[in-house]
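To be precise, the following lines are input.tsv, and they hold TSV, C-alpha atoms and all ligand atoms.
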```tsv
chain	number	residue	atom	x	y	z
B	1	MET	CA	2.44	44.39	-2.20
B	2	THR	CA	4.78	41.46	-2.50
B	3	THR	CA	3.53	38.37	-4.28
B	4	GLN	CA	2.02	35.97	-1.85
B	5	LYS	CA	1.23	32.34	-2.33
B	6	LEU	CA	-2.48	32.06	-1.73
B	7	THR	CA	-2.99	28.54	-2.95
B	8	PHE	CA	-3.23	25.59	-0.59
B	9	ALA	CA	-2.51	23.10	-3.32
B	10	ALA	CA	0.37	20.78	-2.43
B	11	MET	CA	3.66	21.28	-4.06
B	12	ILE	CA	4.98	18.35	-6.00
B	13	GLY	CA	8.69	18.04	-6.64
B	14	MET	CA	11.98	16.33	-5.98
B	15	ASP	CA	13.32	18.65	-3.31
B	16	LEU	CA	14.68	16.35	-0.60
B	17	SER	CA	15.77	19.15	1.69
B	18	TYR	CA	12.31	20.73	1.61
B	19	ALA	CA	10.75	17.33	2.31
B	20	LYS	CA	13.09	16.90	5.27
B	21	GLN	CA	12.35	20.40	6.56
B	22	GLN	CA	8.61	19.70	6.52
B	23	LEU	CA	8.98	16.35	8.29
B	24	VAL	CA	11.22	17.88	10.95
B	25	ALA	CA	8.56	20.58	11.44
B	26	GLY	CA	5.99	17.84	12.13
B	27	GLU	CA	4.18	18.18	8.80
B	28	LEU	CA	2.94	15.53	6.36
B	29	VAL	CA	4.98	14.65	3.27
B	30	ALA	CA	3.96	12.10	0.65
B	31	ILE	CA	6.90	9.87	-0.22
B	32	PRO	CA	7.51	7.46	-3.09
B	33	THR	CA	8.28	3.85	-2.27
B	34	GLU	CA	8.74	0.86	-4.55
B	35	THR	CA	5.28	-0.44	-3.52
B	36	VAL	CA	2.91	2.55	-3.30
B	37	TYR	CA	3.20	6.20	-2.21
B	38	GLY	CA	3.17	6.72	1.56
B	39	LEU	CA	1.81	9.57	3.67
B	40	ALA	CA	4.71	10.21	6.03
B	41	ALA	CA	5.15	11.95	9.37
B	42	ASN	CA	7.69	11.81	12.20
B	43	ALA	CA	6.87	8.45	13.83
B	44	LEU	CA	8.19	9.57	17.22
B	45	ALA	CA	5.92	12.62	17.46
B	46	SER	CA	2.28	11.85	18.32
B	47	ASP	CA	1.10	15.25	17.09
B	48	ALA	CA	2.58	14.65	13.67
B	49	VAL	CA	1.22	11.09	13.53
B	50	ALA	CA	-2.26	12.32	14.45
B	51	LYS	CA	-2.26	14.43	11.27
B	52	ILE	CA	-1.96	11.22	9.21
B	53	PHE	CA	-5.18	9.81	10.68
B	54	ASP	CA	-6.93	13.13	10.07
B	55	ALA	CA	-5.77	13.52	6.48
B	56	LYS	CA	-6.75	9.96	5.53
B	57	ASP	CA	-9.89	9.86	7.61
B	58	ARG	CA	-8.43	6.69	9.02
B	59	PRO	CA	-9.87	5.05	12.14
B	60	SER	CA	-7.43	5.09	15.04
B	61	PHE	CA	-7.70	1.30	15.49
B	62	ASP	CA	-5.72	0.81	12.26
B	63	PRO	CA	-1.96	0.89	13.05
B	64	LEU	CA	0.77	2.45	10.88
B	65	ILE	CA	3.99	1.02	9.46
B	66	VAL	CA	7.25	2.70	10.48
B	67	HIS	CA	9.88	3.30	7.79
B	68	THR	CA	13.62	3.78	8.02
B	69	ASN	CA	16.68	3.36	5.81
B	70	SER	CA	18.79	0.79	7.63
B	71	TRP	CA	18.23	-2.40	9.64
B	72	ASP	CA	21.04	-1.32	12.00
B	73	ARG	CA	18.86	1.53	13.24
B	74	VAL	CA	15.79	-0.50	14.18
B	75	GLN	CA	17.12	-1.51	17.62
B	76	GLU	CA	16.44	2.08	18.64
B	77	TRP	CA	12.71	1.43	18.27
B	78	VAL	CA	12.13	-2.32	18.70
B	79	GLN	CA	13.38	-5.08	21.01
B	80	ASP	CA	13.59	-8.90	21.24
B	81	ILE	CA	13.95	-9.28	17.48
B	82	PRO	CA	13.39	-12.95	16.57
B	83	GLU	CA	16.13	-14.76	14.67
B	84	LEU	CA	13.76	-15.33	11.74
B	85	ALA	CA	13.23	-11.58	11.47
B	86	HIS	CA	16.98	-11.03	11.14
B	87	THR	CA	17.10	-13.65	8.39
B	88	LEU	CA	14.18	-12.07	6.51
B	89	ALA	CA	15.69	-8.60	6.91
B	90	ALA	CA	19.05	-9.78	5.58
B	91	THR	CA	17.36	-11.45	2.61
B	92	PHE	CA	14.66	-8.96	1.60
B	93	MET	CA	15.44	-5.54	3.05
B	94	PRO	CA	15.38	-2.97	1.71
B	95	GLY	CA	12.30	-4.10	-0.21
B	96	PRO	CA	8.55	-4.71	-0.11
B	97	LEU	CA	8.43	-6.44	3.28
B	98	THR	CA	7.13	-5.32	6.68
B	99	LEU	CA	8.04	-7.14	9.91
B	100	LEU	CA	5.93	-6.81	13.07
B	101	LEU	CA	8.30	-6.52	16.02
B	102	PRO	CA	7.90	-5.73	19.76
B	103	LYS	CA	8.02	-1.96	20.10
B	104	LYS	CA	9.98	0.05	22.59
B	105	PRO	CA	8.10	2.75	24.54
B	106	ILE	CA	9.66	5.46	22.32
B	107	ILE	CA	7.16	4.47	19.58
B	108	PRO	CA	3.90	6.28	20.45
B	109	ASP	CA	0.85	4.07	21.07
B	110	LEU	CA	-0.99	6.04	18.40
B	111	VAL	CA	1.33	4.54	15.77
B	112	THR	CA	0.48	0.94	16.74
B	113	ALA	CA	-3.15	1.57	17.73
B	114	GLY	CA	-2.20	0.39	21.20
B	115	LEU	CA	-0.73	-2.92	20.01
B	116	SER	CA	2.57	-4.13	21.46
B	117	ARG	CA	4.17	-4.65	18.06
B	118	VAL	CA	5.12	-2.16	15.38
B	119	GLY	CA	5.49	-2.75	11.65
B	120	ILE	CA	9.00	-2.00	10.43
B	121	ARG	CA	9.79	-1.49	6.77
B	122	LEU	CA	12.87	-0.41	4.79
B	123	PRO	CA	11.69	0.88	1.40
B	124	SER	CA	14.11	0.43	-1.48
B	125	HIS	CA	13.14	3.54	-3.47
B	126	PRO	CA	16.43	5.47	-3.79
B	127	MET	CA	14.92	8.93	-3.30
B	128	THR	CA	13.15	7.89	-0.11
B	129	GLN	CA	16.20	6.03	1.12
B	130	SER	CA	18.22	9.23	0.78
B	131	LEU	CA	15.56	11.18	2.63
B	132	LEU	CA	15.28	8.63	5.46
B	133	ALA	CA	19.07	8.55	5.85
B	134	THR	CA	19.11	12.26	6.67
B	135	LEU	CA	16.40	12.03	9.35
B	136	ASP	CA	17.15	11.26	12.97
B	137	PHE	CA	13.68	9.72	13.38
B	138	PRO	CA	11.76	7.05	11.44
B	139	VAL	CA	8.56	7.98	9.59
B	140	ALA	CA	5.13	6.44	10.03
B	141	ALA	CA	3.51	6.07	6.63
B	142	PRO	CA	0.32	4.40	5.47
B	143	SER	CA	-0.55	4.37	1.80
B	144	ALA	CA	-1.33	7.96	0.74
B	145	ASN	CA	-5.02	7.49	-0.11
B	146	PRO	CA	-8.25	8.30	1.71
B	147	PHE	CA	-9.08	5.34	3.99
B	148	GLY	CA	-10.54	2.42	2.07
B	149	TYR	CA	-9.72	3.72	-1.43
B	150	ILE	CA	-7.20	2.45	-3.98
B	151	SER	CA	-3.54	3.04	-3.07
B	152	PRO	CA	-1.61	5.65	-5.11
B	153	THR	CA	1.23	4.60	-7.39
B	154	THR	CA	2.11	8.04	-8.78
B	155	ALA	CA	2.59	11.50	-7.26
B	156	GLN	CA	-0.39	12.66	-9.32
B	157	HIS	CA	-2.62	10.03	-7.66
B	158	VAL	CA	-1.68	11.48	-4.28
B	159	ASP	CA	-2.30	15.04	-5.42
B	160	ASP	CA	-5.69	14.11	-6.88
B	161	GLN	CA	-7.08	13.12	-3.49
B	162	LEU	CA	-4.87	14.43	-0.70
B	163	GLY	CA	-3.18	17.36	-2.41
B	164	ASN	CA	-4.67	19.95	-0.06
B	165	LYS	CA	-3.83	17.90	3.03
B	166	VAL	CA	-0.07	17.43	2.69
B	167	SER	CA	2.76	19.94	2.83
B	168	TYR	CA	4.73	18.37	0.03
B	169	ILE	CA	4.62	15.47	-2.41
B	170	LEU	CA	8.01	14.02	-3.22
B	171	ASP	CA	7.81	12.80	-6.80
B	172	GLY	CA	9.79	9.63	-7.38
B	173	GLY	CA	7.98	8.52	-10.53
B	174	PRO	CA	5.64	5.54	-10.86
B	175	CYS	CA	6.04	2.80	-8.23
B	176	GLN	CA	7.92	-0.23	-9.54
B	177	VAL	CA	6.22	-2.98	-7.51
B	178	GLY	CA	2.73	-1.50	-7.42
B	179	VAL	CA	1.20	-3.49	-4.54
B	180	GLU	CA	1.87	-2.94	-0.84
B	181	SER	CA	4.51	-4.74	1.21
B	182	THR	CA	4.06	-8.28	2.47
B	183	ILE	CA	3.43	-8.17	6.24
B	184	VAL	CA	5.00	-10.86	8.43
B	185	SER	CA	4.34	-11.45	12.11
B	186	PHE	CA	6.09	-13.90	14.46
B	187	GLU	CA	4.39	-16.30	16.88
B	188	GLU	CA	6.36	-18.73	19.02
B	189	GLY	CA	9.33	-18.67	16.67
B	190	ARG	CA	7.24	-19.10	13.52
B	191	ALA	CA	6.61	-16.57	10.77
B	192	ILE	CA	3.01	-15.82	9.77
B	193	ILE	CA	2.01	-13.81	6.71
B	194	LEU	CA	-0.73	-11.30	7.55
B	195	ARG	CA	-0.86	-9.48	4.21
B	196	LYS	CA	0.12	-10.85	0.82
B	197	GLY	CA	2.21	-8.25	-0.93
B	198	GLY	CA	5.23	-7.32	-2.99
B	199	THR	CA	7.54	-10.01	-1.59
B	200	PRO	CA	6.10	-13.31	-2.88
B	201	ILE	CA	5.39	-16.09	-0.38
B	202	GLU	CA	7.48	-18.45	-2.51
B	203	ALA	CA	10.53	-16.23	-1.97
B	204	ILE	CA	9.93	-16.04	1.77
B	205	GLU	CA	9.57	-19.83	1.99
B	206	ALA	CA	12.76	-20.29	-0.01
B	207	ALA	CA	14.54	-18.22	2.65
B	208	ILE	CA	13.04	-19.61	5.88
B	209	GLY	CA	10.96	-22.68	5.00
B	210	PRO	CA	7.17	-23.15	5.05
B	211	VAL	CA	5.13	-20.27	6.50
B	212	GLN	CA	1.53	-19.97	7.56
B	213	VAL	CA	-0.71	-17.46	5.78
B	214	GLN	CA	-3.41	-15.72	7.82
B	215	ALA	CA	-4.41	-12.99	5.40
B	216	HIS	CA	-8.14	-13.66	5.83
B	217	SER	CA	-10.79	-11.18	4.93
B	218	THR	CA	-12.76	-9.89	7.85
B	219	SER	CA	-15.05	-7.03	8.63
B	220	ASN	CA	-13.96	-7.16	12.26
B	221	PRO	CA	-12.02	-4.04	13.23
B	222	GLN	CA	-10.18	-6.12	15.85
B	223	ALA	CA	-8.11	-7.53	13.02
B	224	PRO	CA	-6.24	-4.50	11.70
B	225	GLY	CA	-4.95	-4.59	8.16
B	226	MET	CA	-7.35	-7.28	7.07
B	227	LEU	CA	-10.50	-5.32	6.55
B	228	LYS	CA	-12.68	-7.12	4.08
B	229	SER	CA	-13.62	-4.10	2.01
B	230	HIS	CA	-10.60	-2.07	0.97
B	231	TYR	CA	-8.90	-0.78	-2.16
B	232	ALA	CA	-12.42	-0.18	-3.38
B	233	PRO	CA	-13.32	1.84	-6.46
B	234	LYS	CA	-16.50	3.92	-6.33
B	235	ILE	CA	-17.96	2.15	-9.35
B	236	PRO	CA	-19.39	-1.31	-8.52
B	237	PHE	CA	-16.73	-3.98	-8.93
B	238	LEU	CA	-17.14	-7.72	-9.51
B	239	LEU	CA	-14.52	-10.47	-9.62
B	240	GLY	CA	-14.94	-13.84	-11.30
B	241	ASP	CA	-15.18	-15.63	-14.62
B	242	LEU	CA	-15.32	-12.83	-17.20
B	243	PRO	CA	-17.47	-14.40	-19.96
B	244	LEU	CA	-20.00	-15.43	-17.29
B	245	LEU	CA	-20.01	-12.00	-15.59
B	246	ILE	CA	-20.39	-10.25	-18.94
B	247	GLU	CA	-23.44	-12.41	-19.68
B	248	GLN	CA	-24.94	-11.65	-16.23
B	249	GLN	CA	-24.38	-7.90	-16.59
B	250	LYS	CA	-25.71	-7.69	-20.13
B	251	GLY	CA	-26.84	-4.23	-21.26
B	252	LYS	CA	-24.63	-2.34	-18.81
B	253	ARG	CA	-21.66	-0.15	-19.68
B	254	LEU	CA	-18.85	-2.53	-18.81
B	255	GLY	CA	-15.24	-1.91	-17.86
B	256	ILE	CA	-13.02	-4.99	-18.02
B	257	LEU	CA	-9.82	-5.53	-16.03
B	258	CYS	CA	-7.98	-8.63	-17.21
B	259	PHE	CA	-4.57	-10.28	-17.19
B	260	SER	CA	-3.53	-10.91	-20.79
B	261	GLN	CA	-6.37	-11.63	-23.19
B	262	GLN	CA	-8.51	-8.97	-24.86
B	263	LEU	CA	-12.23	-9.89	-24.86
B	264	LYS	CA	-14.82	-8.94	-27.44
B	265	HIS	CA	-18.39	-7.93	-26.54
B	266	SER	CA	-20.59	-5.02	-27.59
B	267	ASP	CA	-21.24	-4.00	-23.95
B	268	ILE	CA	-17.53	-3.46	-23.26
B	269	VAL	CA	-16.88	0.29	-23.12
B	270	PHE	CA	-13.31	0.09	-21.85
B	271	GLN	CA	-10.88	-2.72	-21.35
B	272	LYS	CA	-7.52	-2.82	-19.56
B	273	VAL	CA	-5.16	-5.70	-20.26
B	274	LEU	CA	-2.54	-5.59	-17.50
B	275	SER	CA	0.11	-7.75	-19.12
B	276	PRO	CA	-0.22	-9.14	-22.65
B	277	SER	CA	2.93	-11.19	-22.03
B	278	ARG	CA	1.44	-12.72	-18.83
B	279	ASN	CA	4.04	-11.17	-16.55
B	280	LEU	CA	2.61	-10.95	-13.00
B	281	SER	CA	5.13	-8.30	-11.88
B	282	GLU	CA	4.10	-6.06	-14.74
B	283	ALA	CA	0.43	-6.68	-13.94
B	284	ALA	CA	0.98	-5.77	-10.26
B	285	GLN	CA	2.84	-2.61	-11.24
B	286	ARG	CA	-0.09	-1.45	-13.38
B	287	LEU	CA	-3.00	-2.68	-11.25
B	288	PHE	CA	-3.90	0.32	-9.06
B	289	ALA	CA	-3.41	2.91	-11.81
B	290	ALA	CA	-5.77	0.89	-14.01
B	291	MET	CA	-8.38	0.68	-11.24
B	292	ARG	CA	-8.16	4.44	-10.67
B	293	GLU	CA	-8.37	5.20	-14.37
B	294	MET	CA	-11.48	3.06	-14.76
B	295	ASP	CA	-13.04	4.58	-11.66
B	296	GLN	CA	-12.96	7.98	-13.45
B	297	MET	CA	-14.85	6.68	-16.46
B	298	ASP	CA	-18.52	6.61	-17.28
B	299	LEU	CA	-19.05	2.90	-16.55
B	300	ASP	CA	-21.88	1.05	-14.79
B	301	ILE	CA	-19.67	-1.70	-13.47
B	302	ILE	CA	-16.08	-2.96	-13.55
B	303	LEU	CA	-15.53	-6.68	-14.07
B	304	ALA	CA	-12.20	-8.31	-13.20
B	305	GLU	CA	-10.85	-11.83	-13.40
B	306	TYR	CA	-8.78	-13.90	-10.98
B	307	PHE	CA	-5.06	-13.94	-11.73
B	308	PRO	CA	-2.86	-17.06	-11.43
B	309	GLU	CA	-2.51	-17.80	-7.70
B	310	GLU	CA	1.30	-17.69	-7.67
B	311	GLY	CA	4.02	-15.08	-7.07
B	312	LEU	CA	2.61	-11.55	-7.19
B	313	GLY	CA	-0.67	-13.02	-8.50
B	314	ARG	CA	-1.59	-13.81	-4.88
B	315	ALA	CA	-1.32	-10.16	-3.86
B	316	ILE	CA	-3.23	-9.08	-6.98
B	317	ASN	CA	-6.08	-11.53	-6.19
B	318	ASP	CA	-6.12	-10.34	-2.59
B	319	ARG	CA	-6.53	-6.68	-3.67
B	320	LEU	CA	-9.16	-7.55	-6.29
B	321	SER	CA	-11.20	-9.55	-3.74
B	322	ARG	CA	-11.16	-6.70	-1.25
B	323	ALA	CA	-12.08	-4.22	-3.99
B	324	ALA	CA	-15.06	-6.45	-4.83
B	325	ALA	CA	-16.17	-6.86	-1.20
B	326	ARG	CA	-18.88	-4.48	-0.04
B	401	LIG	O1	3.96	-1.08	1.08
B	401	LIG	C1	3.47	-0.65	2.12
B	401	LIG	O2	3.42	-1.33	3.17
B	401	LIG	C2	2.92	0.79	2.12
B	401	LIG	C3	4.10	1.75	1.90
B	401	LIG	C4	3.68	3.20	1.99
B	401	LIG	O3	5.12	1.46	2.80
B	401	LIG	N1	2.25	1.08	3.34
B	401	LIG	C5	1.03	0.58	3.62
B	401	LIG	O4	0.49	1.04	4.81
B	401	LIG	O5	0.44	-0.20	2.89
B	401	LIG	P1	-1.04	0.92	5.15
B	401	LIG	O6	-1.22	1.64	6.44
B	401	LIG	O7	-1.85	1.40	4.02
B	401	LIG	O8	-1.26	-0.60	5.38
B	401	LIG	C6	-0.58	-1.20	6.46
B	401	LIG	C7	-1.39	-2.30	7.04
B	401	LIG	C8	-2.63	-1.76	7.72
B	401	LIG	O9	-3.75	-2.40	7.20
B	401	LIG	C9	-2.42	-2.08	9.19
B	401	LIG	O10	-3.60	-2.50	9.78
B	401	LIG	C10	-1.36	-3.16	9.18
B	401	LIG	O11	-0.60	-2.93	8.03
B	401	LIG	N2	-0.49	-3.00	10.35
B	401	LIG	C11	0.39	-2.01	10.57
B	401	LIG	N3	0.96	-2.14	11.79
B	401	LIG	C12	0.44	-3.25	12.33
B	401	LIG	C13	0.59	-3.91	13.59
B	401	LIG	N4	1.42	-3.44	14.52
B	401	LIG	N5	-0.13	-5.04	13.81
B	401	LIG	C14	-0.99	-5.50	12.88
B	401	LIG	N6	-1.20	-4.93	11.67
B	401	LIG	C15	-0.49	-3.82	11.40
B	402	MG	MG	-3.41	1.30	2.78
```

Here is the file; what I need is its structure written in the form of structure tokens.
Ligand code: TXA
Ligand code: MG
Amino acid sequence: MTTQKLTFAAMIGMDLSYAKQQLVAGELVAIPTETVYGLAANALASDAVAKIFDAKDRPSFDPLIVHTNSWDRVQEWVQDIPELAHTLAATFMPGPLTLLLPKKPIIPDLVTAGLSRVGIRLPSHPMTQSLLATLDFPVAAPSANPFGYISPTTAQHVDDQLGNKVSYILDGGPCQVGVESTIVSFEEGRAIILRKGGTPIEAIEAAIGPVQVQAHSTSNPQAPGMLKSHYAPKIPFLLGDLPLLIEQQKGKRLGILCFSQQLKHSDIVFQKVLSPSRNLSEAAQRLFAAMREMDQMDLDIILAEYFPEEGLGRAINDRLSRAAAR
């Protein structure tokens, strides 16, 4: 008998042509981006897109972002692009930014959860750019984690949870930005930020002037992308003033997630300092891996502190608040 592959475990590797072959066949491929790993499928094929919702256990009211390699191609899928969107694209794409634009009928309603606009993103990760350039369709890709859990920033993270649900995991190393893209929508000629992310608000305002931020927390499913509880570890998670929280949780096995300063207390079992040099980009890059690592440990509770509310610190605080919301 010839040797047969009996395992259903995903293959991890750097084989772009195999990744392409699987996507063309309508299968799921995990792809690296500079923000987090995505779970990709042909965005123009409803059957393929449906597999994403299945694999993630994602409710169909939560729309997907569509990824491609070049701004010149997006006219194939969207129309009536506002001038501000062109300016933002010229300034920040490829990069950690998603623009919500009026979709053409060629984008299946499943991708946008029935909404009239579709999120468009051009990831800057070189491996994924090469892959997208060879495809004659864009890919829909949410973060490659089970719905509601922490986003993956390495190929191993994807394999740990969705390994048996994808055809291939393209390994592009650890993600450089570490938090998801900033999402921008347009209303009556103005830009509105719906999710704080890898492109800082300050940079966006430097390019187009003051913008409104509407990245509220909500538990209302009518507001996709802003679910209050998200990015949540399984171990209870609290956010606030660390010395105070430590006092309140006395006697428990504590995990501490902090910016730069090591704390000392006999209840602390594990402590992760995200950036001793107080670099918010470094902290963002390491955030989700640290949360996952701590979630594997024998801890009663994870305590985290607020980061400076500037630059990538805003996205970090947003993710920590949602992780703490239950
Ligand atoms: O950095 C990122 O954006 C990553 C990488 C893989 O590209 N993707 C990502 O996708 O974070 P996802 O699905 O995990 O989060 C996208 C969020 C969702 O919460 C969704 O509700 C919102 O964007 N969203 C997508 N399309 C939308 C639309 N048409 N209108 C409103 N919200 C939308
Ligand atoms: Mg996600």

Within 6 Å of ligand LIG 401 (chain B), which residues of chain B come that close, and what is the closest atom pair and distance in Å for each? Count all atoms listed in the file and give it as CSV.
```
residue,atom,partner,partner_atom,distance
B:Thr35,CA,B:LIG401,O1,4.8
B:Val36,CA,B:LIG401,C4,5.4
B:Tyr37,CA,B:LIG401,C4,5.2
B:Gly38,CA,B:LIG401,C4,3.6
B:Asp62,CA,B:LIG401,O10,4.6
B:Pro63,CA,B:LIG401,N3,4.4
B:Leu64,CA,B:LIG401,C11,4.5
B:Ile65,CA,B:LIG401,C11,4.8
B:Pro96,CA,B:LIG401,O1,6.0
B:Leu100,CA,B:LIG401,N4,5.8
B:Thr112,CA,B:LIG401,N4,5.0
B:Leu115,CA,B:LIG401,N4,5.9
B:Arg117,CA,B:LIG401,N4,4.6
B:Val118,CA,B:LIG401,N4,4.0
B:Gly119,CA,B:LIG401,N3,4.6
B:Ala141,CA,B:LIG401,C4,5.5
B:Pro142,CA,B:LIG401,O6,3.3
B:Ser143,CA,B:LIG401,O7,3.9
B:Glu180,CA,B:LIG401,O1,3.4
B:Ser181,CA,B:LIG401,O1,3.7
B:Pro224,CA,B:LIG401,O10,3.8
B:Gly225,CA,B:LIG401,O9,2.7
```

(message) Which residues are near ligand MG 402 (chain B) in this structure, taking near to mean any atom at most 8 Å from a ligand atom and counting all atoms listed in the file? Format them as a list of chain:residue names.
(response) B:Pro142, B:Ser143, B:Ala144, B:Asn145, B:Phe147, B:Gly148, B:Tyr149, B:Ile150, B:Ser151, B:Glu180, B:Tyr231

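Of note, atom CA of B:Trp77 and atom CA of B:Ile107 are spaced 6.5 Å apart.
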
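Between atom CA of B:Leu122 and atom CA of B:Met93 there is a distance of 6.0 Å.
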
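When only C-alpha atoms are used to compute distances to B:Asp136, the closest of the residues B:Leu23, B:Leu88, B:Leu28, B:Ala48 turns out to be B:Leu23.
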
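With all atoms listed in the file as the atoms that count, the residue of B:Ile246, B:Leu44, B:Leu280, B:Val111 with the shortest distance to B:Ser266 is B:Ile246.
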